[in-house]
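What follows is the content of query23.txt, which has compact mmCIF, C-alpha atoms:
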# COMPACT_ATOMS: atom_id res chain seq x y z
CA ALA A 3 -28.30 114.29 -45.23
CA THR A 4 -28.77 115.80 -41.90
CA GLY A 5 -31.78 116.50 -39.81
CA GLY A 6 -33.34 113.05 -40.27
CA SER A 7 -34.29 110.26 -37.80
CA TRP A 8 -33.39 106.56 -37.48
CA SER A 9 -35.78 103.67 -36.95
CA SER A 10 -35.90 99.86 -37.01
CA THR A 11 -38.56 97.89 -38.77
CA ASN A 12 -38.19 95.01 -36.22
CA THR A 13 -36.94 96.09 -32.85
CA SER A 14 -37.00 92.42 -31.66
CA ILE A 15 -34.08 91.85 -33.99
CA ALA A 16 -32.25 95.18 -33.71
CA THR A 17 -32.66 98.70 -32.35
CA VAL A 18 -31.09 101.90 -33.63
CA THR A 19 -30.35 105.20 -31.90
CA GLY A 20 -28.54 108.02 -33.64
CA GLY A 21 -27.32 105.56 -36.20
CA VAL A 22 -25.97 103.11 -33.55
CA ILE A 23 -27.48 99.68 -34.19
CA THR A 24 -27.74 97.15 -31.35
CA GLY A 25 -28.31 93.50 -32.25
CA VAL A 26 -31.10 91.95 -30.24
CA ALA A 27 -31.69 88.55 -31.80
CA ALA A 28 -30.47 86.65 -34.79
CA GLY A 29 -32.24 87.63 -37.93
CA ILE A 30 -32.47 90.36 -40.62
CA ASP A 31 -33.77 93.85 -39.78
CA THR A 32 -34.28 96.94 -41.95
CA ILE A 33 -32.88 100.18 -40.61
CA VAL A 34 -34.66 103.33 -41.97
CA TYR A 35 -33.33 106.89 -42.07
CA THR A 36 -36.14 109.41 -42.60
CA ILE A 37 -35.91 113.15 -43.35
CA SER A 38 -38.89 115.50 -43.78
CA ASN A 39 -39.51 119.21 -44.81
CA ALA A 40 -42.42 121.26 -46.14
CA CYS A 41 -42.06 119.51 -49.41
CA GLY A 42 -42.46 116.00 -48.05
CA THR A 43 -40.60 113.04 -46.57
CA ALA A 44 -37.70 111.00 -47.87
CA SER A 45 -36.38 107.69 -46.50
CA SER A 46 -33.26 105.60 -46.94
CA MET A 47 -33.12 101.92 -45.86
CA SER A 48 -30.41 99.36 -45.11
CA ALA A 49 -30.80 95.59 -44.36
CA ILE A 50 -28.85 94.51 -41.27
CA SER A 51 -28.10 90.80 -40.47
CA VAL A 52 -27.88 90.09 -36.72
CA ILE A 53 -25.63 87.08 -36.06
CA ALA A 54 -26.30 84.85 -32.99
CA LEU A 55 -23.55 84.37 -30.37
CA PRO A 56 -21.94 80.89 -30.42
CA PHE A 57 -23.62 78.45 -27.90
CA ALA A 58 -21.97 75.30 -26.62
CA GLY A 59 -24.89 74.46 -24.40
CA THR A 60 -24.78 71.93 -21.54
CA ILE A 61 -23.20 68.44 -21.81
CA SER A 62 -25.12 65.43 -20.46
CA GLY A 63 -24.35 61.70 -20.23
CA ALA A 64 -22.41 59.26 -18.02
CA SER A 65 -19.60 60.54 -15.87
CA SER A 66 -17.37 57.46 -16.14
CA VAL A 67 -16.25 54.90 -18.69
CA CYS A 68 -14.23 51.68 -18.49
CA ALA A 69 -10.92 51.39 -20.23
CA GLY A 70 -11.63 49.89 -23.65
CA SER A 71 -15.34 50.75 -23.49
CA ILE A 72 -17.42 53.72 -24.76
CA ILE A 73 -20.10 56.13 -23.54
CA THR A 74 -22.05 58.70 -25.57
CA LEU A 75 -22.32 62.37 -24.47
CA SER A 76 -24.78 64.98 -25.81
CA THR A 77 -25.07 68.78 -25.59
CA THR A 78 -27.84 71.35 -25.84
CA GLY A 79 -25.54 73.48 -28.01
CA SER A 80 -24.93 73.05 -31.68
CA GLY A 81 -22.43 73.75 -34.37
CA GLY A 82 -19.49 72.89 -32.19
CA SER A 83 -16.87 70.13 -31.97
CA TRP A 84 -15.78 67.62 -29.26
CA SER A 85 -12.27 67.31 -27.78
CA SER A 86 -10.34 65.52 -24.97
CA THR A 87 -7.82 67.26 -22.78
CA SER A 88 -5.82 64.01 -22.39
CA THR A 89 -6.07 61.53 -25.25
CA SER A 90 -3.85 59.10 -23.28
CA LEU A 91 -6.79 58.67 -20.93
CA ALA A 92 -9.78 59.00 -23.26
CA THR A 93 -10.67 59.98 -26.83
CA VAL A 94 -13.93 61.50 -28.13
CA SER A 95 -15.55 61.61 -31.57
CA GLY A 96 -19.06 62.95 -32.22
CA GLY A 97 -19.80 62.73 -28.52
CA VAL A 98 -18.68 59.06 -28.28
CA VAL A 99 -16.03 58.77 -25.54
CA THR A 100 -13.64 55.77 -25.58
CA GLY A 101 -11.77 54.92 -22.36
CA VAL A 102 -8.04 54.39 -22.92
CA ALA A 103 -6.42 54.19 -19.51
CA ALA A 104 -7.42 54.69 -15.89
CA GLY A 105 -7.55 58.34 -14.85
CA VAL A 106 -9.66 61.52 -14.99
CA ASP A 107 -10.13 63.38 -18.29
CA THR A 108 -12.08 66.54 -19.28
CA ILE A 109 -14.25 66.31 -22.38
CA LYS A 110 -15.16 69.65 -24.06
CA TYR A 111 -17.75 70.81 -26.60
CA ILE A 112 -16.57 74.02 -28.33
CA ALA A 113 -18.85 76.26 -30.47
CA THR A 114 -17.18 79.04 -32.54
CA ASN A 115 -18.38 81.76 -35.00
CA SER A 116 -17.48 85.32 -35.97
CA CYS A 117 -19.00 86.56 -32.76
CA GLY A 118 -16.76 84.42 -30.43
CA VAL A 119 -16.29 81.01 -28.75
CA SER A 120 -18.53 79.04 -26.37
CA VAL A 121 -17.21 76.07 -24.41
CA ALA A 122 -19.06 73.36 -22.42
CA SER A 123 -17.09 70.71 -20.47
CA THR A 124 -17.59 67.62 -18.32
CA VAL A 125 -15.24 65.47 -16.21
CA ILE A 126 -15.04 61.79 -17.18
CA ARG A 127 -13.44 59.17 -14.96
CA VAL A 128 -11.85 56.28 -16.84
CA ASN A 129 -12.07 53.15 -14.69
CA PRO A 130 -9.45 50.34 -15.07
CA LEU A 131 -10.40 46.87 -16.22
CA PRO A 132 -10.15 44.27 -13.42
CA SER A 133 -6.97 42.15 -13.24
CA ALA A 134 -6.74 38.78 -11.50
CA GLY A 135 -2.93 38.77 -11.80
CA SER A 136 -1.13 35.44 -11.88
CA ILE A 137 -1.39 32.52 -9.43
CA SER A 138 1.73 31.07 -7.84
CA GLY A 139 2.24 28.15 -5.50
CA GLY A 140 2.21 24.38 -5.89
CA THR A 141 0.48 22.40 -8.61
CA ALA A 142 -0.18 19.26 -6.57
CA VAL A 143 -1.47 18.39 -3.10
CA CYS A 144 -1.88 15.12 -1.22
CA ILE A 145 -5.20 13.83 0.10
CA GLY A 146 -5.57 15.19 3.62
CA SER A 147 -2.88 17.86 3.12
CA THR A 148 -2.91 21.52 2.07
CA ILE A 149 -0.94 23.91 -0.11
CA THR A 150 -1.20 27.71 -0.25
CA LEU A 151 -1.75 29.62 -3.49
CA THR A 152 -1.17 33.35 -3.90
CA SER A 153 -2.07 35.89 -6.60
CA SER A 154 -0.20 38.99 -7.70
CA ALA A 155 -3.54 40.85 -7.61
CA SER A 156 -5.43 41.70 -4.42
CA GLY A 157 -9.09 41.89 -3.53
CA GLY A 158 -10.18 38.72 -5.32
CA THR A 159 -12.04 35.57 -4.31
CA TRP A 160 -11.03 31.89 -4.62
CA THR A 161 -13.25 29.07 -5.91
CA SER A 162 -12.77 25.40 -6.84
CA SER A 163 -14.28 23.74 -9.91
CA SER A 164 -14.48 20.38 -8.08
CA PRO A 165 -15.04 20.84 -4.33
CA THR A 166 -15.33 17.07 -3.87
CA ILE A 167 -11.72 16.75 -5.09
CA ALA A 168 -10.23 19.90 -3.55
CA THR A 169 -11.57 22.90 -1.66
CA VAL A 170 -10.01 26.36 -1.40
CA SER A 171 -10.34 29.05 1.24
CA GLY A 172 -8.26 32.20 1.21
CA GLY A 173 -5.84 30.51 -1.18
CA VAL A 174 -5.39 27.42 1.03
CA VAL A 175 -6.16 24.32 -1.06
CA SER A 176 -7.17 21.12 0.78
CA GLY A 177 -6.90 17.76 -1.03
CA LEU A 178 -9.97 15.53 -0.56
CA ALA A 179 -9.94 12.88 -3.31
CA THR A 180 -7.73 11.79 -6.20
CA GLY A 181 -8.22 13.89 -9.35
CA THR A 182 -7.70 17.38 -10.76
CA ALA A 183 -9.50 20.55 -9.63
CA ILE A 184 -9.35 23.95 -11.34
CA ILE A 185 -8.76 26.67 -8.77
CA THR A 186 -10.09 30.11 -9.88
CA TYR A 187 -9.10 33.53 -8.54
CA SER A 188 -11.63 36.22 -9.55
CA VAL A 189 -11.31 40.02 -9.22
CA THR A 190 -14.43 42.15 -9.90
CA ASN A 191 -14.98 45.93 -10.30
CA ILE A 192 -17.53 48.12 -12.13
CA CYS A 193 -15.86 47.23 -15.40
CA GLY A 194 -16.39 43.46 -15.00
CA THR A 195 -14.64 40.35 -13.68
CA ALA A 196 -11.18 38.98 -14.43
CA THR A 197 -10.11 35.43 -13.56
CA ALA A 198 -6.85 33.51 -13.21
CA LEU A 199 -6.79 29.70 -13.22
CA SER A 200 -4.55 27.03 -11.73
CA ALA A 201 -4.90 23.26 -12.22
CA ILE A 202 -4.23 21.38 -8.96
CA THR A 203 -3.65 17.62 -8.99
CA VAL A 204 -4.71 15.77 -5.84
CA ASN A 205 -2.44 12.76 -5.37
CA PRO A 206 -3.50 9.69 -3.36
CA LEU A 207 -1.85 8.65 -0.13
CA PRO A 208 0.26 5.51 -0.53
CA THR A 209 -1.19 2.22 0.66
CA ALA A 210 0.83 -0.92 1.19
CA GLY A 211 -2.20 -3.21 1.37
CA SER A 212 -1.37 -6.49 3.08
CA VAL A 213 1.27 -9.20 2.71
CA THR A 214 0.81 -12.94 2.90
CA GLY A 215 3.27 -15.80 3.35
CA VAL A 216 4.51 -18.38 5.83
CA SER A 217 4.71 -17.59 9.54
CA SER A 218 7.80 -19.74 10.11
CA LEU A 219 10.83 -20.68 8.06
CA CYS A 220 13.70 -23.12 8.44
CA VAL A 221 17.29 -21.94 8.27
CA GLY A 222 18.50 -22.41 4.70
CA THR A 223 15.03 -22.61 3.14
CA THR A 224 13.31 -19.95 1.05
CA ALA A 225 9.67 -18.83 0.99
CA THR A 226 8.03 -16.35 -1.37
CA PHE A 227 5.72 -13.69 0.05
CA SER A 228 3.07 -11.76 -1.90
CA ALA A 229 1.50 -8.31 -1.54
CA THR A 230 -1.94 -7.06 -2.54
CA VAL A 231 -0.38 -3.81 -3.84
CA SER A 232 2.42 -3.69 -6.40
CA GLY A 233 5.41 -1.40 -6.58
CA GLY A 234 6.65 -1.74 -3.01
CA ALA A 235 10.05 -2.59 -1.53
CA TRP A 236 10.80 -5.52 0.83
CA SER A 237 13.05 -5.35 3.88
CA ALA A 238 13.50 -7.07 7.24
CA SER A 239 14.15 -5.85 10.76
CA SER A 240 17.16 -8.14 11.27
CA ALA A 241 19.74 -10.17 9.39
CA ILE A 242 18.35 -13.53 10.47
CA VAL A 243 16.79 -13.64 6.98
CA SER A 244 18.11 -12.59 3.59
CA LEU A 245 15.89 -11.07 0.93
CA SER A 246 15.77 -11.20 -2.85
CA GLY A 247 12.66 -9.24 -3.68
CA ALA A 248 9.77 -11.15 -2.11
CA ASP A 249 11.89 -14.30 -1.65
CA VAL A 250 12.85 -14.71 2.02
CA THR A 251 15.62 -17.13 3.06
CA GLY A 252 16.24 -18.17 6.65
CA VAL A 253 19.81 -17.42 7.83
CA SER A 254 19.76 -17.99 11.58
CA ALA A 255 17.22 -18.81 14.27
CA GLY A 256 15.09 -16.03 15.73
CA THR A 257 12.11 -13.80 15.06
CA THR A 258 12.08 -10.93 12.58
CA THR A 259 9.58 -8.53 11.06
CA LEU A 260 9.16 -8.40 7.30
CA TYR A 261 8.35 -4.94 5.89
CA TYR A 262 6.66 -4.09 2.59
CA VAL A 263 6.87 -0.34 1.94
CA VAL A 264 4.94 1.48 -0.81
CA SER A 265 6.00 5.10 -1.39
CA ASN A 266 4.84 8.02 -3.52
CA SER A 267 5.11 11.81 -3.41
CA CYS A 268 2.67 11.85 -0.49
CA GLY A 269 4.76 9.62 1.79
CA ALA A 270 5.05 5.92 2.56
CA ASP A 271 2.86 3.15 3.95
CA THR A 272 4.09 -0.14 5.42
CA ALA A 273 2.58 -3.60 5.66
CA THR A 274 4.29 -6.08 8.00
CA ALA A 275 4.51 -9.78 8.69
CA THR A 276 6.24 -11.63 11.52
CA ILE A 277 8.50 -14.56 10.61
CA ILE A 278 9.96 -17.12 13.02
CA VAL A 279 13.18 -18.65 11.68
CA ILE A 280 13.77 -22.15 13.02
CA ALA A 281 17.19 -23.79 12.97
CA ALA A 282 17.74 -27.50 12.51
CA PRO A 283 18.06 -29.10 15.96
CA SER A 284 21.45 -29.42 17.66
CA PRO A 285 22.08 -32.94 18.95
CA GLY A 286 24.51 -31.86 21.62
CA VAL A 287 27.38 -34.10 22.75
CA ILE A 288 27.17 -37.70 23.97
CA ILE A 289 28.95 -38.23 27.27
CA SER A 290 30.16 -41.76 28.10
CA SER A 291 32.43 -43.03 30.83
CA LYS A 292 33.85 -45.70 28.49
CA ASP A 293 34.84 -46.15 24.88
CA SER A 294 34.88 -49.96 25.15
CA ILE A 295 33.16 -52.55 27.25
CA CYS A 296 33.36 -56.27 27.79
CA LEU A 297 30.77 -58.78 26.78
CA GLY A 298 27.81 -58.63 29.13
CA ASP A 299 28.80 -55.22 30.50
CA THR A 300 26.75 -52.01 30.29
CA VAL A 301 27.64 -48.35 30.09
CA SER A 302 25.35 -45.35 30.56
CA MET A 303 25.38 -42.52 28.04
CA THR A 304 23.94 -39.05 28.57
CA ASN A 305 23.26 -35.94 26.49
CA ALA A 306 22.47 -32.48 27.84
CA THR A 307 20.05 -31.90 24.95
CA THR A 308 16.60 -33.12 25.85
CA GLY A 309 13.92 -34.62 23.65
CA GLY A 310 16.17 -36.89 21.59
CA THR A 311 16.09 -40.62 20.95
CA TRP A 312 18.87 -43.22 21.33
CA SER A 313 19.74 -45.80 18.71
CA SER A 314 22.45 -48.36 17.93
CA SER A 315 23.95 -48.93 14.49
CA ASN A 316 23.96 -52.68 15.24
CA ALA A 317 21.81 -53.95 18.11
CA GLY A 318 23.39 -57.38 17.56
CA ILE A 319 26.69 -55.97 18.88
CA ALA A 320 25.34 -53.55 21.48
CA SER A 321 21.84 -52.32 22.21
CA ILE A 322 20.79 -49.10 23.93
CA SER A 323 17.68 -48.37 25.97
CA THR A 324 15.51 -45.27 25.75
CA SER A 325 17.33 -43.94 28.80
CA GLY A 326 20.80 -44.32 27.20
CA LEU A 327 21.99 -47.58 28.80
CA VAL A 328 24.25 -49.53 26.39
CA SER A 329 24.37 -53.31 26.77
CA ALA A 330 27.18 -55.37 25.11
CA VAL A 331 25.91 -58.38 23.11
CA THR A 332 28.82 -59.62 21.01
CA SER A 333 32.30 -58.54 20.02
CA GLY A 334 32.62 -55.62 17.57
CA THR A 335 32.27 -51.89 17.21
CA VAL A 336 28.93 -50.12 17.20
CA ILE A 337 27.94 -46.48 16.70
CA ILE A 338 25.54 -45.12 19.30
CA SER A 339 23.43 -42.19 18.02
CA TYR A 340 21.38 -39.57 19.84
CA THR A 341 18.92 -37.98 17.39
CA VAL A 342 17.02 -34.73 17.93
CA SER A 343 14.22 -33.69 15.54
CA ASN A 344 12.02 -30.67 14.87
CA THR A 345 10.01 -29.28 11.94
CA CYS A 346 13.25 -28.37 10.16
CA GLY A 347 14.82 -31.84 10.24
CA ALA A 348 16.88 -34.09 12.42
CA ASN A 349 20.51 -34.16 13.58
CA SER A 350 22.44 -36.84 15.44
CA ALA A 351 25.40 -36.98 17.79
CA THR A 352 27.39 -40.24 17.69
CA HIS A 353 29.72 -42.13 19.94
CA SER A 354 31.67 -45.33 19.14
CA ILE A 355 31.64 -48.26 21.55
CA TYR A 356 34.01 -51.20 21.10
CA VAL A 357 32.80 -54.49 22.54
CA ARG A 358 35.94 -56.55 23.23
CA PRO A 359 35.94 -60.25 22.42
CA ALA A 360 35.76 -62.89 25.12
CA GLY A 361 39.04 -63.51 26.91
CA ASN A 362 40.22 -60.00 26.17
CA CYS A 363 38.85 -58.43 29.30
CA PRO A 364 41.29 -59.38 32.15
CA ASP A 365 41.17 -57.24 35.22
CA GLU A 366 44.43 -55.53 34.39
CA ILE A 367 43.27 -54.20 30.99
CA LYS A 368 43.18 -50.44 30.96
CA ILE A 369 40.47 -48.88 28.81
CA ILE A 370 41.15 -45.35 27.71
CA SER A 371 38.30 -42.89 27.37
CA GLY A 372 38.15 -39.37 26.08
CA ILE A 373 37.52 -38.06 29.58
CA ALA A 374 39.74 -39.94 32.03
CA THR A 375 43.47 -39.33 32.44
CA LEU A 376 45.18 -41.34 29.72
CA ASP A 377 48.03 -43.83 30.13
CA ILE A 378 49.05 -43.25 26.49
CA SER A 379 49.13 -40.09 24.45
CA VAL A 380 48.64 -39.69 20.71
CA TYR A 381 49.50 -36.40 19.06
CA PRO A 382 48.77 -34.49 17.02
CA ASN A 383 45.14 -35.58 17.30
CA PRO A 384 43.26 -34.87 15.13
CA GLY A 385 46.02 -35.07 12.55
CA ASN A 386 46.91 -36.19 9.05
CA GLY A 387 47.82 -39.76 10.06
CA SER A 388 51.45 -39.16 11.01
CA PHE A 389 51.62 -38.96 14.79
CA ILE A 390 53.62 -39.84 17.90
CA ILE A 391 52.52 -42.40 20.49
CA GLU A 392 53.82 -41.78 23.97
CA PHE A 393 53.43 -44.51 26.63
CA PRO A 394 54.90 -45.69 29.95
CA GLU A 395 58.24 -47.42 30.34
CA HIS A 396 58.27 -51.07 29.29
CA GLN A 397 60.45 -54.04 28.37
CA GLY A 398 60.35 -56.10 25.17
CA GLU A 399 58.41 -55.47 22.02
CA VAL A 400 55.40 -53.22 21.55
CA THR A 401 52.46 -54.06 19.26
CA ILE A 402 50.71 -50.96 17.88
CA SER A 403 47.46 -51.53 15.98
CA ILE A 404 45.05 -49.08 14.31
CA THR A 405 41.44 -50.30 13.91
CA ASN A 406 38.47 -48.72 12.23
CA VAL A 407 35.15 -48.17 13.99
CA GLU A 408 34.12 -51.70 12.99
CA GLY A 409 37.07 -53.21 14.90
CA LYS A 410 39.04 -54.20 11.78
CA ILE A 411 42.84 -53.74 11.96
CA VAL A 412 43.84 -51.34 9.15
CA HIS A 413 47.45 -50.64 10.22
CA GLN A 414 49.86 -52.43 12.54
CA LEU A 415 53.38 -51.82 13.79
CA ILE A 416 55.61 -54.03 16.00
CA ALA A 417 58.45 -52.19 17.67
CA LYS A 418 60.95 -54.86 18.85
CA ASN A 419 63.27 -54.12 21.74
CA GLN A 420 61.72 -50.64 21.82
CA HIS A 421 62.59 -48.98 25.08
CA GLU A 422 61.81 -45.40 24.00
CA LEU A 423 58.76 -43.78 25.49
CA LYS A 424 57.82 -42.26 22.10
CA VAL A 425 57.14 -44.14 18.86
CA PRO A 426 56.45 -42.39 15.56
CA VAL A 427 53.62 -43.92 13.50
CA ASP A 428 52.90 -43.14 9.83
CA ALA A 429 49.32 -43.96 8.88
CA SER A 430 48.86 -41.07 6.46
CA ASN A 431 47.62 -43.53 3.80
CA LEU A 432 44.38 -44.04 5.73
CA ALA A 433 41.19 -42.28 4.68
CA SER A 434 39.83 -39.45 6.80
CA GLY A 435 37.69 -40.57 9.70
CA MET A 436 37.69 -41.89 13.23
CA TYR A 437 40.01 -44.75 14.29
CA PHE A 438 41.29 -46.43 17.43
CA VAL A 439 44.98 -46.79 18.33
CA GLN A 440 45.61 -49.94 20.42
CA VAL A 441 48.98 -50.36 22.15
CA GLU A 442 49.90 -53.71 23.80
CA LEU A 443 52.90 -53.69 26.07
CA ASN A 444 53.88 -55.55 29.19
CA GLY A 445 50.71 -57.61 28.82
CA VAL A 446 48.47 -54.53 29.07
CA ILE A 447 46.25 -53.21 26.26
CA TYR A 448 45.79 -49.48 25.93
CA ARG A 449 43.30 -47.88 23.49
CA LYS A 450 42.92 -44.31 22.30
CA LYS A 451 40.50 -42.78 19.81
CA ILE A 452 42.06 -40.69 17.02
CA VAL A 453 40.72 -38.65 14.11
CA ILE A 454 42.53 -38.50 10.77
CA MET A 455 41.69 -35.34 8.80
Exercise: express the given structure as structure tokens:
Amino acid sequence: ATGGSWSSTNTSIATVTGGVITGVAAGIDTIVYTISNACGTASSMSAISVIALPFAGTISGASSVCAGSIITLSTTGSGGSWSSTSTSLATVSGGVVTGVAAGVDTIKYIATNSCGVSVASTVIRVNPLPSAGSISGGTAVCIGSTITLTSSASGGTWTSSSPTIATVSGGVVSGLATGTAIITYSVTNICGTATALSAITVNPLPTAGSVTGVSSLCVGTTATFSATVSGGAWSASSAIVSLSGADVTGVSAGTTTLYYVVSNSCGADTATATIIVIAAPSPGVIISSKDSICLGDTVSMTNATTGGTWSSSNAGIASISTSGLVSAVTSGTVIISYTVSNTCGANSATHSIYVRPAGNCPDEIKIISGIATLDISVYPNPGNGSFIIEFPEHQGEVTISITNVEGKIVHQLIAKNQHELKVPVDASNLASGMYFVQVELNGVIYRKKIVIM
């Protein structure tokens, strides 16, 4: 029908002009078309539903989240759904955002209906969890020394669980006392604190303690030393001693230092002791102008070694004074000794003196000594008992006698009509030792000392 007019029963919901309806607010309005004439008025009505535009509203909540943690977002809109632009960084469900990995993500709230789409968004920063990395470096340190630790992560701080055992500063660990300290490296950010641990053993410095034992030792004797600390090794500064563990044996005279060394991973420590090695005394050599004397005669003996004492094997044959003067008493052979003593024993030098019997000391007798030029020669001397005697020219027979140190004849040879200057003598059956060869020719007696090996 034409000629009518349009109207709205609730213009706050919708308005109408010429049949064109404009939605104002969500709700239901009645649109009326009215026509009038002289006969009255007629109306036609239609219910119109005005649908609201979608509204995502405004998102509120925290702007950052830690990886592995959650935050909750809210919005003033309704009817929408939540989404993440990068689920590798963060996920969202019902406004609950879970951090996945460090980065920046955009979280959206999207409202949709038949009238369109409304979107609200917010930027969320996903912060990484802290990492202390791994500690590298040594696992042990000596008292008084340092080692340096490092971490694969930066920006952390170092601490020690037992600062009386070991301290740490900037990764440098200083050993203070024996034991084990736990060294911690901590890295902190807004998501918390991460730690890495390293157990450090502090080893003690070696100590050798002290050694005890004798201060002097005789050559050939052994003394055992002891140490207050076990596990060490013994050595000496020179070869005048030999060592078998702590047993020290004197080898030659002198002074040496004994070392006792205890070692560990932190080095070595040494304890020492000084040892004087003393040799048995040397008696030197007796010097005499004669090997035989007549009854009532004397002979002086000397020795370059001082401090010794003189003695006679038989003072009834010949005595000797403290100054070395030998006096003949009766016929026979005597051994004169010069004895030198010290803390390591005594040694003697000896010299044989033959006291000739009465009537055997005419002026023309020639006594042979080991020093003067000899009138007879015996060789080889020392020898095995077979030797040659060489003497001056002579006439008639020659009597050759061999006596022991006691004056007893143990071998005799008479060479009749012997005009040779050399006579072989075989006395190889005699025992080893010192003897005297006595040659009598032309009324003269010659004597010579020999040694049979």
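Between Ser313 (chain A) and the residues A:Ile378, A:Ile280, A:Ala351, A:Cys41, the shortest atom-to-atom distance, using only C-alpha atoms, involves A:Ala351.
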I'd like the neighbourhood of Gly79 (chain A) as number ranges by chain, where a residue qualifies if any of its atoms comes within 6 Å (using only C-alpha atoms), though same-chain residues fewer than 5 positions away should be ignored. A: 57-59
Set the distance at 12 Å and use only C-alpha atoms: which residues neighbour Pro165 (chain A) once local chain neighbours fewer than 2 positions away are removed? I'd like the list as a list in words. Trp160, Thr161, Ser162, Ser163, Ile167, Ala168, Thr169, Val170, Ser171, Val175, Ser176, Gly177, Leu178, Ala179, Thr180, Gly181, Thr182, Ala183, Ile184, Ile185, Thr186, Ile202 and Val204 of chain A
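Checking A:Ser284, A:Ser200, A:Ser333, A:Thr401 one by one against Cys346 (chain A), counting only C-alpha atoms, you find the shortest gap at A:Ser284.
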List as an MDAnalysis selection string the protein and nucleic acid residues near Ser136 (chain A), meaning an atom at most 9 Å away when only C-alpha atoms are counted, but skip any in the same chain fewer than 5 places from it. chainID A and resid 152:155 187 198:199
Within 6 Å of (31.6, -51.0, 20.1) (file coordinates; all atoms listed in the file), which protein or nucleic acid residues are there? I'd like them as a PDB file with C-alpha atoms, keeping the file's coordinate frame.
ATOM      1  CA  GLY A 334      32.620 -55.620  17.570  1.00  0.00           C
ATOM      2  CA  THR A 335      32.270 -51.890  17.210  1.00  0.00           C
ATOM      3  CA  VAL A 336      28.930 -50.120  17.200  1.00  0.00           C
ATOM      4  CA  SER A 354      31.670 -45.330  19.140  1.00  0.00           C
ATOM      5  CA  ILE A 355      31.640 -48.260  21.550  1.00  0.00           C
ATOM      6  CA  TYR A 356      34.010 -51.200  21.100  1.00  0.00           C
ATOM      7  CA  VAL A 357      32.800 -54.490  22.540  1.00  0.00           C
TER       8      VAL A 357
END
Show which residues sit within 7 Å of Phe227 (chain A), as an NGL selection string. Count all atoms listed in the file, and ignore same-chain residues fewer than 5 positions away. :A and (213-215 or 248-249)
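Note that CA of Ala134 (chain A) and CA of Thr190 (chain A) are 8.5 Å apart.
Among the candidates A:Val279, A:Ile289, A:Ile112, A:Ala320, the one nearest to Ser217 (chain A) when counting only C-alpha atoms is A:Val279.
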Do a neighbour search on Ala317 (chain A) at 10 Å with only C-alpha atoms, toss out local chain neighbours closer than 3 positions, and write the hits as number ranges by chain. A: 313-314, 320-322, 328-332, 336-338
One decimal, in Å: what's the spacing between CA of Thr308 (chain A) and CA of Ala282 (chain A)? 14.5 Å
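CA of Thr141 (chain A) is found 24.4 Å from CA of Gly233 (chain A).
With all atoms listed in the file as the atoms that count, the residue of A:Pro208, A:Gly222, A:Gly252, A:Gly70 with the shortest distance to Gly234 (chain A) is A:Pro208.
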With distances taken over only C-alpha atoms, which of A:Val243, A:Ala306, A:Val174, A:Leu91 is nearest to Leu151 (chain A)? A:Val174
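For the choices A:Ser85, A:Ser9, A:Thr259, A:Ser350, the atom-to-atom distance to Gly310 (chain A) is smallest for A:Ser350 when using all atoms listed in the file.
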As a PDB file, in the frame of the given file, could you write out region 70-77 of chain A once it has been completed with N, CA, C and O atoms?
ATOM      1  N   GLY A  70     -11.254  50.781 -22.576  1.00  0.00           N
ATOM      2  CA  GLY A  70     -11.630  49.890 -23.650  1.00  0.00           C
ATOM      3  C   GLY A  70     -13.102  49.917 -23.983  1.00  0.00           C
ATOM      4  O   GLY A  70     -13.535  49.225 -24.909  1.00  0.00           O
ATOM      5  N   SER A  71     -13.905  50.639 -23.223  1.00  0.00           N
ATOM      6  CA  SER A  71     -15.340  50.750 -23.490  1.00  0.00           C
ATOM      7  C   SER A  71     -15.684  52.169 -23.919  1.00  0.00           C
ATOM      8  O   SER A  71     -14.836  53.068 -23.945  1.00  0.00           O
ATOM      9  N   ILE A  72     -16.986  52.394 -24.272  1.00  0.00           N
ATOM     10  CA  ILE A  72     -17.420  53.720 -24.760  1.00  0.00           C
ATOM     11  C   ILE A  72     -18.667  54.161 -23.993  1.00  0.00           C
ATOM     12  O   ILE A  72     -19.417  53.358 -23.470  1.00  0.00           O
ATOM     13  N   ILE A  73     -18.844  55.504 -23.956  1.00  0.00           N
ATOM     14  CA  ILE A  73     -20.100  56.130 -23.540  1.00  0.00           C
ATOM     15  C   ILE A  73     -20.402  57.231 -24.551  1.00  0.00           C
ATOM     16  O   ILE A  73     -19.508  57.699 -25.274  1.00  0.00           O
ATOM     17  N   THR A  74     -21.657  57.644 -24.622  1.00  0.00           N
ATOM     18  CA  THR A  74     -22.050  58.700 -25.570  1.00  0.00           C
ATOM     19  C   THR A  74     -22.542  59.919 -24.788  1.00  0.00           C
ATOM     20  O   THR A  74     -23.430  59.800 -23.931  1.00  0.00           O
ATOM     21  N   LEU A  75     -21.934  61.101 -25.085  1.00  0.00           N
ATOM     22  CA  LEU A  75     -22.320  62.370 -24.470  1.00  0.00           C
ATOM     23  C   LEU A  75     -23.159  63.176 -25.477  1.00  0.00           C
ATOM     24  O   LEU A  75     -23.047  62.998 -26.693  1.00  0.00           O
ATOM     25  N   SER A  76     -23.984  64.053 -24.958  1.00  0.00           N
ATOM     26  CA  SER A  76     -24.780  64.980 -25.810  1.00  0.00           C
ATOM     27  C   SER A  76     -24.730  66.377 -25.220  1.00  0.00           C
ATOM     28  O   SER A  76     -24.381  66.553 -24.053  1.00  0.00           O
ATOM     29  N   THR A  77     -25.086  67.384 -26.053  1.00  0.00           N
ATOM     30  CA  THR A  77     -25.070  68.780 -25.590  1.00  0.00           C
ATOM     31  C   THR A  77     -26.299  69.511 -26.133  1.00  0.00           C
ATOM     32  O   THR A  77     -26.847  69.154 -27.182  1.00  0.00           O
TER      33      THR A  77
END
